[in-house]
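**Q** This is the structure I want to talk about, given as structure tokens.
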Amino acid sequence: MTTPRRILDLIRHGQPGETVTVRGWVRTRRDQKEFSFVEVNDGSSMAGLQALVTDVAAEALQRVNTGASVEISGELVESPAKGQRIELKAFTLQVFGEADPETYPLQKKRHSFEFLRTIAHLRSRTNTLGAVFRVRNACATAVHHFFQERGFLWVHTPLITASDAEGAGELFTVTSLDLNNPPRTKEGAIDFGQDFFGKRAFLTVSGQLEAEIMALAFTDVYTFGPTFRAENSNTSRHLAEFWMIEPEMAFCDLDGNMTLAEDFLKYVFSYVLKHCPEDMEFFNQRIDNSVMETADNIIHNQFERITYTEAIALLEKASKSFEYPVSWGLDLQSEHERYLAEDLFKKPVIVTDYPKTIKAFYMRQNDDGKTVRAMDVLAPRIGEIIGGSQREERLDCLEQRIDELHIPKDTLWWYLELRRFGTVPHAGFGLGFERLVQFMTGMQNIRDVIPFPRTPQNAEF
Ligand code: ATP
Ligand code: MN
């Protein structure tokens, strides 16, 4: 037997006359009079390999149905069929595992994404989810290439944290206390002092604060890992567990931050187009016919840069009527963000200098006393895809803001010390990885771009 080869490799490089072995799962079997066509897919590409099986394997063929796992050896031949260069003339066919046609749920017909979510253990074998997870893989690879090429250090920040510092709320508590009988304080509250970490701990909502620590030693760093938010919002853009990319740069201001964000998106889109052209074409044809145009738009246009104050003025002038009110001081809602990116500028828009009251405590305060050096990158179809800022590096300004917001300083002592010892201007941003994959593929629901989504009432698989 020859060493098994991946189907993508054969489709790209296989030559008629070669003897090869492939392994995978059967998508379809079509019986003709003298022989059968068996289409095999091993996940390496959208297209499978068509095998022509004659009575050399008649007995095994009886056990081959959609979903069965097989190994086929044979000779590559030029395919007379259109849409494929080569096919496999089988010499031997071996069945690893059968799939009963009465009960295997992925028979060849259209299934709704809702239904496919209920069979997440099988859905990756479909065309769409297959394409999604290959693109997801390419995106993740592109993230590392981008930062590594620029000398950024990949740092691993903790998933368990004791600081609710972000004030992002919506935290999952991590505990080893006996929930049926937790220790109590004199006042009757649960005594987290007796918990595993000696204080209340949570799953992290962001690795930023720790990334800042690392940036103040390595200059340019990034995190790429899971984050958790117990937000009870059932939207098509929120998960309880999602992956976040957070670059953090020392000696960098908001302009540098914006430039990095723009370069980053351009790079990742170009990379995915180059490495997954068939999958991207599939999304464009079957999921959203603006996928290619959007990618092109990202890669070739300079992002628009406007201040929050300018954005509000543009929204107030808009002929469109919005569900949520627009006025200086209020946060932008998704409909506003989409109006700016989708309708008005028709390309990504970076909005900067938001009111400090709607942004986190660590953002650098502007001289006007009202705004901070924040930035959000807004994308057509998606709205906010990146949120970032220049950080407050001045100890007195940071302490004053923390006090104003009544944030307990004791858990942040180390964060403050960074401003005491060798502080520098620094900046960074956070990008939701699934939002990026959604954006790229045109998939409507964020649950369909992560293999095993975690959402309210759902942690199956
Ligand atoms: P939103 O307003 O959409 O809830 P946010 O303001 O809470 O976003 P940040 O705290 O700035 O978002 O988080 C950084 C990035 O993480 C966001 O730009 C977004 O891409 C992503 N993100 C935030 N919350 C989620 C979530 N629940 N599921 C998936 N991605 C998320
Ligand atoms: Mn949120």
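Please note that chains go A, B, ... in the order of the structure tokens, that every chain numbers its residues from 1, and that ligands are numbered from 1 in the order shown.
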With 6 Å as the cut-off and only C-alpha atoms and all ligand atoms counted, what is the closest atom pair between each nearby residue of chain A and ligand 1? Distances in Å to one decimal, ordered by chain and number, as CSV.
**A**
residue,atom,partner,partner_atom_place_in_ligand_line,distance
A:Arg229,CA,ligand 1,27 (N),5.9
A:Arg237,CA,ligand 1,28 (N),5.9
A:His238,CA,ligand 1,28 (N),3.5
A:Leu239,CA,ligand 1,28 (N),3.9
A:Ala240,CA,ligand 1,27 (N),5.5
A:Phe242,CA,ligand 1,29 (C),5.2
A:Glu384,CA,ligand 1,18 (O),5.4
A:Ile385,CA,ligand 1,20 (O),4.2
A:Ile386,CA,ligand 1,18 (O),3.9
A:Gly387,CA,ligand 1,11 (O),4.4
A:Gly430,CA,ligand 1,14 (C),4.5
A:Leu431,CA,ligand 1,15 (C),4.5
A:Gly432,CA,ligand 1,20 (O),3.4
A:Arg435,CA,ligand 1,20 (O),5.5
**Q** I want to know what sits within 9 Å of Leu315 of chain A, based on only C-alpha atoms, with residues of the same chain fewer than 4 positions away left out; could you give that as a list in words?
**A** Glu310, Ala311, Ser319, Lys320, Val326, Ser327, His336, Tyr339 and Leu340 of chain A
**Q** Closest to His144 of chain A among A:Ser389, A:Ser44, A:Thr223, A:Asn366, using only C-alpha atoms?
**A**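 That would be A:Thr223, the residue with the smallest distance to His144 of chain A.
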**Q** Can you pull out every residue within 9 Å of segment 137-139 of chain A, counting only C-alpha atoms, but drop anything in the same chain fewer than 5 positions away, and send it as JSON, numbers by chain?
**A** {"A": [132, 144, 268, 269, 271, 272, 275, 276, 433, 436, 437]}
**Q** Do you know which residues are at most 12 Å from Val174 of chain A counting only C-alpha atoms, after dropping those on the same chain fewer than 6 positions away, and could you put them as a PyMOL selection string?
**A** chain A and resi 159-162+192+195-204+228
**Q** Write out as number ranges by chain each polymer residue whose atoms come within 10 Å of segment 441-453 of chain A, counting only C-alpha atoms; drop sequence neighbours fewer than 5 positions from it.
**A** A: 113-114, 116-117, 120-121, 123-124, 128-129, 131-133, 135-136, 235-243, 279-284, 286-292, 294-295, 381-382, 433-436, 458-461
**Q** Could you work out how far atom CA of Thr357 of chain A lies from atom CA of Thr227 of chain A, giving the answer in Å with one decimal?
**A**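 Taking atom CA of Thr227 of chain A and atom CA of Thr357 of chain A, their separation equals 24.4 Å.
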**Q** Just checking: using only C-alpha atoms and all ligand atoms, which residue out of A:Val221, A:Ala230, A:Ala51, A:Ala189 ends up closest to ligand 2?
**A**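 Of all the options, A:Ala230 lies closest to ligand 2.
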**Q** DSSP says alpha helix (DSSP H) for which residues of segment 294-439 of chain A? Put them as a VMD selection string?
**A** chain A and resid 294 to 300 308 to 317 334 to 338 395 to 404 413 to 420 433 to 439
**Q** Rank A:Gly97, A:Pro182, A:Pro456, A:Gly24 by their smallest atom-to-atom distance to Ala60 of chain A, using only C-alpha atoms, and report the top residue only.
**A**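 Going through A:Gly97, A:Pro182, A:Pro456, A:Gly24 one by one, the smallest distance to Ala60 of chain A is for A:Gly97.
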**Q** Choose the residue, out of A:Ser112, A:Ser206, A:Gln32, A:Thr307, that has the smallest atom-to-atom separation from ligand 2; count only C-alpha atoms and all ligand atoms.
**A**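 With only C-alpha atoms and all ligand atoms as the atom set, the closest residue is A:Ser206.
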**Q** Within 7 Å of Ile72 of chain A, counting only C-alpha atoms, which residues qualify if same-chain residues fewer than 5 places away don't, as a list of chain:residue names?
**A** A:Thr21, A:Val22, A:Arg23, A:Ala90, A:Thr92, A:Leu93, A:Gln94
**Q** Between A:Ser233, A:Gln400, A:Thr103, A:Gln62, which residue has the minimum interatomic distance to ligand 2, considering only C-alpha atoms and all ligand atoms?
**A**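 Looking only at the distances to ligand 2, the closest residue turns out to be A:Ser233.
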**Q** Kindly indicate which residue among A:Val38, A:Val26, A:Leu171, A:Met46 lies nearest to ligand 2, using only C-alpha atoms and all ligand atoms for the distances.
**A**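 Closest to ligand 2, using only C-alpha atoms and all ligand atoms: A:Leu171.
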**Q** What residues in segment 88-203 of chain A get the DSSP label strand (DSSP E or B)? Please answer as a VMD selection string.
**A** chain A and resid 88 to 97 153 to 154 160 to 161 173 to 174 184 190 201 to 203
